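The block underneath contains the structure these notes are about, expressed in structure tokens.
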2 protein chains.
Amino acid sequence: MAAQSMDQLVSLCKRRGFVFLGSEIYGGLQGTYDYGPLGVELKNNLRQAWWRSNVYERDDVEGLDASILGHQLIYKYSGHANTFSDLMVDCRQCKSRWRADHVVGGKCERCGSKDLTEPRPFNMMFKTQIGPVVTDDESSLSYLRPETAQGIFVNFKNVCDSLSPQLPFGIAQVGKAFRNEITPRNFIFRVREFEQMEIEFFVEPGKDGFWFDYWVNERVSWWVKQGLSKENLKCFEQPKNELAHYSKATVDILYKFPHGFEELEGVANRTDFDLGSHSKAQKELNIQAKVVENKDSLAKLAVLKLQTNEWIVPFVIEPSAGLDRGILAILNEAYHEETLENGSKRIVLKFKPHLAPIKVAVIPLARNNEELMSKAKQLRKDIQKLGIGRIVFEATGNIGKSYRRNDEVGTPICITVDFDTLTEGSDLKDTVTIRDRDTMKQIRMPIAKLADYLREYFASP
Amino acid sequence: MAAQSMDQLVSLCKRRGFVFLGSEIYGGLQGTYDYGPLGVELKNNLRQAWWRSNVYERDDVEGLDASILGHQLIYKYSGHANTFSDLMVDCRQCKSRWRADHVVGGKCERCGSKDLTEPRPFNMMFKTQIGPVVTDDESSLSYLRPETAQGIFVNFKNVCDSLSPQLPFGIAQVGKAFRNEITPRNFIFRVREFEQMEIEFFVEPGKDGFWFDYWVNERVSWWVKQGLSKENLKCFEQPKNELAHYSKATVDILYKFPHGFEELEGVANRTDFDLGSHSKAQKELNIQAKVVENKDSLAKLAVLKLQTNEWIVPFVIEPSAGLDRGILAILNEAYHEETLENGSKRIVLKFKPHLAPIKVAVIPLARNNEELMSKAKQLRKDIQKLGIGRIVFEATGNIGKSYRRNDEVGTPICITVDFDTLTEGSDLKDTVTIRDRDTMKQIRMPIAKLADYLREYFASP
């Protein structure tokens with residue numbers, strides 16, 4: 001199952017503190033969202049799962065965290081300053097503005113008028129001025145990065161100099177990027193401020209075809225491990241004649257969002273365009289892509305091939321995923337409404353354990369008993385120390401209500417401390433009840449065995 | 001010991017991939033820095049240690065992750081749009097601009113001229129335009145947040161509605177903030193793009209004094225746990241007559257950076273100024289701070305006191321730390337140059353284990369032996385699964401060189417797989433050598449005992 005509509009998700013997200021509209025108390029700032037107490041945990045967990053798989057568990061990928069503000073020359077030579085545009089139309093009737101390809105049937109979405117201007121390009125980069133300049137000054141112009149990728153390319157030599165990696169190797173980065181979307185829409189799907197998880201994987205020219213296929217498979221299977229079902233994922237290979245001029249091949253990994261199949265991640269073979277564009281001494285480098293002459297770069301972005309003593313500009317395979325889109329997909333997939341035996345309904349988020357915002361809720365059966373309360377509090381502290389994620393102590397005094405609340409935010413395990421836990425001489429002394437979110441089954445387990453059980457349960461997939 | 005100069009740190013950071021100047025290949029973008037492969041790990045580790053202590057290990061703090069782009073009304077009512085300025089002077093001789101209080105002796109730092117303009121205010125917020133506007137338009141003006149705090153205040157009601165917390169409670173956030181510093185300086189100390197770790201801790205008026213003292217102590221002792229020595233930390237209480245008008249008390253936690261004692265974190269009693277400023281229905285709320293009339297807010301930022309059925313606006317205690325400044329302090333403190341017995345020197349970064357970018361390096365004694373290589377690779381994989389952080393496999397074929405390289409980046413433990421590890425029938429079969437970074441002592445340990453040993457060793461402090 002999955003959510004039936006975007007509205008279900010938006011409503012749950014607001015009610016339970018996953019995602020709020022940005023600047024909401026001032027009417028909202030369109031295309032920006034704030035992650036609440038549970039959303040930030042889910043997002044951190046997905047980000048960390050990606051980092052673990054792509055940096056920690058590999059020998060050939062290094063991490064990076066470049067700044068959001070970038071020198072204008074980066075975006076001159078990357079091509080963004082000139083070409084990173086969407087086509088925009090104005091409605092002459094109501095003065096609203098629309099992305100041309102979003103205007104269905106040639107009608108303004110707001111007032112229905114067909115009196116629209118001709119489409120014209122609108123650059124999607126956010127501009128700002130850097131340094132103590134009081135008036136507009138082109139030399140102080142800077143951009144908020146529209147993708148994290150450029151920060152990787154311009155640091156290529158720095159990373160090579162400090163670590164001497166051998167091809168093939170990748171540089172991974174997660175971070176905010178900004179695009180001034182003409183018409184943000186579909187909740188956290190199309191927004192103006194978002195987080196990307198990108199790898200630029202540098203390979204020898206000629207081996208790019210192999211690595212391209214490798215990364216498409218790798219990324220699809222990673223999303224499946226995060227809980228997305230295969231039937232909701234689809235690979236779309238962009239037709240050759242629609243590719244960007246520097247791209248040899250691009251596969252969009254599409255997910256069936258509540259509003260339809262749309263891009264979750266893209267994998268592109270960007271050839272030697274990026275390093276070639278940002279490199280000095282381009283003429284010595286036999287660059288295959290068509291690049292603009294670079295008169296400003298201070299670094300040669302190439303590697304010396306030891307066998308032939310020849311400088312080569314690596315090709316780049318780029319798996320580029322949207323973290324916020326990932327969150328939306330995972331929320332959608334996890335969302336279940338179930339009718340229980342007694343006829344009542346429950347909403348349950350069936351997250352994979354490693355992604356759940358709260359791993360374990362420790363619940364004393366009654367809150368008016370001091371011994372029970374202190375036993376449960378201590379247990380919570382001990383479990384927190386395992387380093388498996390966020391553990392909460394919850395004393396509502398109503399166990400059924402606690403289970404329902406935790407189902408709705410996807411807590412995989414509730415541990416109940418009851419009077420048997422405390423009773424000297426009882427077989428059940430120092431045992432607790434473990435209740436599973438998905439099956440709702442309960443088992444009894446000695447506290448002494450919890451650490452191993454939980455470590456195993458929450459191990460990364 | 002610690003670093004003798006900033007230059008030592010800058011040089012190590014560049015050489016070993018901790019921190020690079022932003023946009024370096026285009027001459028650099030002043031006041032921005034990129035974290036390299038090791039820097040990003042160190043930063044992630046410090047950020048996570050803060051989150052663990054302040055969110056996971058407490059019952060009374062929730063996390064949040066608000067957007068960087070904020071509605072202009074947020075910064076109107078917070079006061080930033082009007083008053084978040086530094087005084088600036090121009091040098092009439094060489095046209096350079098300086099922060100007035102940085103001009104020592106009334107002379108231009110670049111050309112030495114004393115012909116400077118009168119100081120005038122320069123607003124430090126970065127501006128941008130949101131939405132498809134082609135010309136300048138005040139209604140589309142937006143700011144990059146100059147602090148993460150405001151994102152917490154404007155979400156106060158959202159968090160209360162979704163979690164119903166009782167006073168006292170806090171909301172914690174880590175994220176990028178931006179200030180258009182007139183003169184960025186001192187490496188990653190004073191920059192234009194940086195990361196903050198902030199808690200807004202909401203308390204009942206009257207209990208603010210207690211909680212202010214509590215947080216000052218709490219934060220100092222947290223920094224000590226991260227490895228800063230007490231003698232390098234100092235608390236400076238701002239004189240009452242120099243406090244911002246909304247602040248009842250502020251303590252700066254100063255650290256002895258290479259360039260002198262400067263602020264690492266500030267703890268402020270901000271009274272009810274922030275919630276009061278952003279609230280609707282201010283007149284019903286008996287706000288104590290002097291606030292501007294808010295005609296735009298849609299939310300009442302107050303809590304209902306159950307005992308008296310009265311709405312109160314909580315006071316806020318704010319511990320606000322700089323993550324990049326924390327990194328600089330920790331690098332400084334960890335830096336040691338030692339002369340070894342044989343007269344050679346080593347540089348060693350004595351990070352606390354939980355902060356070290358690389359936790360363990362697994363090293364096969366020789367790289368031309370396939371069995372040794374595959375045993376070491378498997379061991380690295382097994383240790384990686386423990387979830388204690390980043391583990392690397394290193395086969396330079398020169399064990400002394402490997403130790404030196406790992407000392408210099410602060411890897412606490414090197415594990416060597418040698419021929420004894422493989423020898424059937426030997427007492428040392430399936431044991432490895434564990435070498436400690438700080439003492440350089442080596443012990444032999446069965447592989448079977450490694451998991452427990454390492455989990456204990458890298459447990460958070």
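As shown in the structure tokens, the chain order sets the letters A, B, ...; within each chain, residues go from 1, and ligands are also counted from 1 in the order they appear.
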Write out as a tab-separated table the residues of chain A that have any atom within 6 Å of an atom of chain B, one row each with the nearest atom pair and its distance in Å to one decimal, counting only C-alpha atoms, sorted by chain and then rising number.
```
residue	atom	partner	partner_atom	distance
A:Arg15	CA	B:Ser162	CA	5.4
A:Arg16	CA	B:Ser162	CA	4.9
A:Gly17	CA	B:Ser162	CA	5.3
A:Ser23	CA	B:His71	CA	5.8
A:Ile25	CA	B:Leu298	CA	5.0
A:Tyr26	CA	B:Ser297	CA	5.4
A:Leu29	CA	B:His71	CA	5.8
A:Asp34	CA	B:Ala66	CA	4.1
A:Tyr35	CA	B:Asp65	CA	4.9
A:Gly36	CA	B:Leu64	CA	4.9
A:Pro37	CA	B:Gly63	CA	4.6
A:Val40	CA	B:Asp65	CA	5.8
A:Tyr56	CA	B:Arg390	CA	5.5
A:Glu62	CA	B:Pro37	CA	5.6
A:Gly63	CA	B:Pro37	CA	4.6
A:Leu64	CA	B:Gly36	CA	4.9
A:Asp65	CA	B:Tyr35	CA	4.9
A:Ala66	CA	B:Asp34	CA	4.1
A:Ser67	CA	B:Asp34	CA	5.5
A:His71	CA	B:Leu29	CA	5.8
A:Lys127	CA	B:Thr128	CA	5.9
A:Thr128	CA	B:Thr128	CA	5.4
A:Gly131	CA	B:Asn180	CA	5.9
A:Pro132	CA	B:Ile182	CA	5.3
A:Ser162	CA	B:Arg16	CA	4.9
A:Asn180	CA	B:Gly131	CA	5.9
A:Ile182	CA	B:Pro132	CA	5.3
A:Ser297	CA	B:Tyr26	CA	5.4
A:Leu298	CA	B:Ile25	CA	4.9
A:Ala299	CA	B:Ile25	CA	5.8
A:Arg390	CA	B:Tyr56	CA	5.5
```
Let's have the selection written as a PDB file, in the first residue's frame, with C-alpha atoms.
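Dumped everything to result_18.pdb:
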```
ATOM      1  CA  ARG A  15      -0.013  17.150  12.415  1.00  0.00           C
ATOM      2  CA  ARG A  16       2.829  14.989  13.655  1.00  0.00           C
ATOM      3  CA  GLY A  17       5.716  17.377  13.081  1.00  0.00           C
ATOM      4  CA  SER A  23       7.627  31.075   7.072  1.00  0.00           C
ATOM      5  CA  ILE A  25       3.147  32.398  10.348  1.00  0.00           C
ATOM      6  CA  TYR A  26       3.711  35.118   7.747  1.00  0.00           C
ATOM      7  CA  LEU A  29       7.253  31.553   1.566  1.00  0.00           C
ATOM      8  CA  ASP A  34      10.771  23.431   7.370  1.00  0.00           C
ATOM      9  CA  TYR A  35      11.403  19.971   8.777  1.00  0.00           C
ATOM     10  CA  GLY A  36       9.900  19.492  12.213  1.00  0.00           C
ATOM     11  CA  PRO A  37      11.137  17.310  15.092  1.00  0.00           C
ATOM     12  CA  VAL A  40      14.598  16.271  10.736  1.00  0.00           C
ATOM     13  CA  TYR A  56      31.919   4.500   4.323  1.00  0.00           C
ATOM     14  CA  GLU A  62      35.538  10.429  -0.690  1.00  0.00           C
ATOM     15  CA  GLY A  63      33.234  13.005   0.897  1.00  0.00           C
ATOM     16  CA  LEU A  64      33.175  16.778   0.479  1.00  0.00           C
ATOM     17  CA  ASP A  65      31.175  19.716   1.833  1.00  0.00           C
ATOM     18  CA  ALA A  66      31.604  22.820  -0.291  1.00  0.00           C
ATOM     19  CA  SER A  67      30.089  26.225   0.296  1.00  0.00           C
ATOM     20  CA  HIS A  71      32.232  32.584  -7.333  1.00  0.00           C
ATOM     21  CA  LYS A 127      21.701  35.937  -7.086  1.00  0.00           C
ATOM     22  CA  THR A 128      23.184  37.865  -4.221  1.00  0.00           C
ATOM     23  CA  GLY A 131      31.093  41.972   0.298  1.00  0.00           C
ATOM     24  CA  PRO A 132      30.464  45.506   1.493  1.00  0.00           C
ATOM     25  CA  SER A 162      45.523  15.619  -0.573  1.00  0.00           C
ATOM     26  CA  ASN A 180      14.174  29.854  -8.307  1.00  0.00           C
ATOM     27  CA  ILE A 182       8.713  29.670 -11.485  1.00  0.00           C
ATOM     28  CA  SER A 297      41.010  28.864 -13.976  1.00  0.00           C
ATOM     29  CA  LEU A 298      44.186  28.420 -11.967  1.00  0.00           C
ATOM     30  CA  ALA A 299      44.149  24.614 -11.933  1.00  0.00           C
ATOM     31  CA  ARG A 390      16.643   8.360  18.896  1.00  0.00           C
TER      32      ARG A 390
END
```
Task: DSSP strand (DSSP E or B) residues within region 96-257 of chain A, as a ChimeraX atom specification - done: /A:97-99,116,120-123,127-129,141-144,169-178,185,190,193-203,233-237,249-257
Open item on the list: Here is a test: counting only C-alpha atoms, which residue of A:Ser374, A:Thr433, A:Asn369, A:Thr148 is nearest to Thr421 (chain A)?
Closed with: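 Nearest candidate to Thr421 (chain A) out of A:Ser374, A:Thr433, A:Asn369, A:Thr148: A:Thr433.
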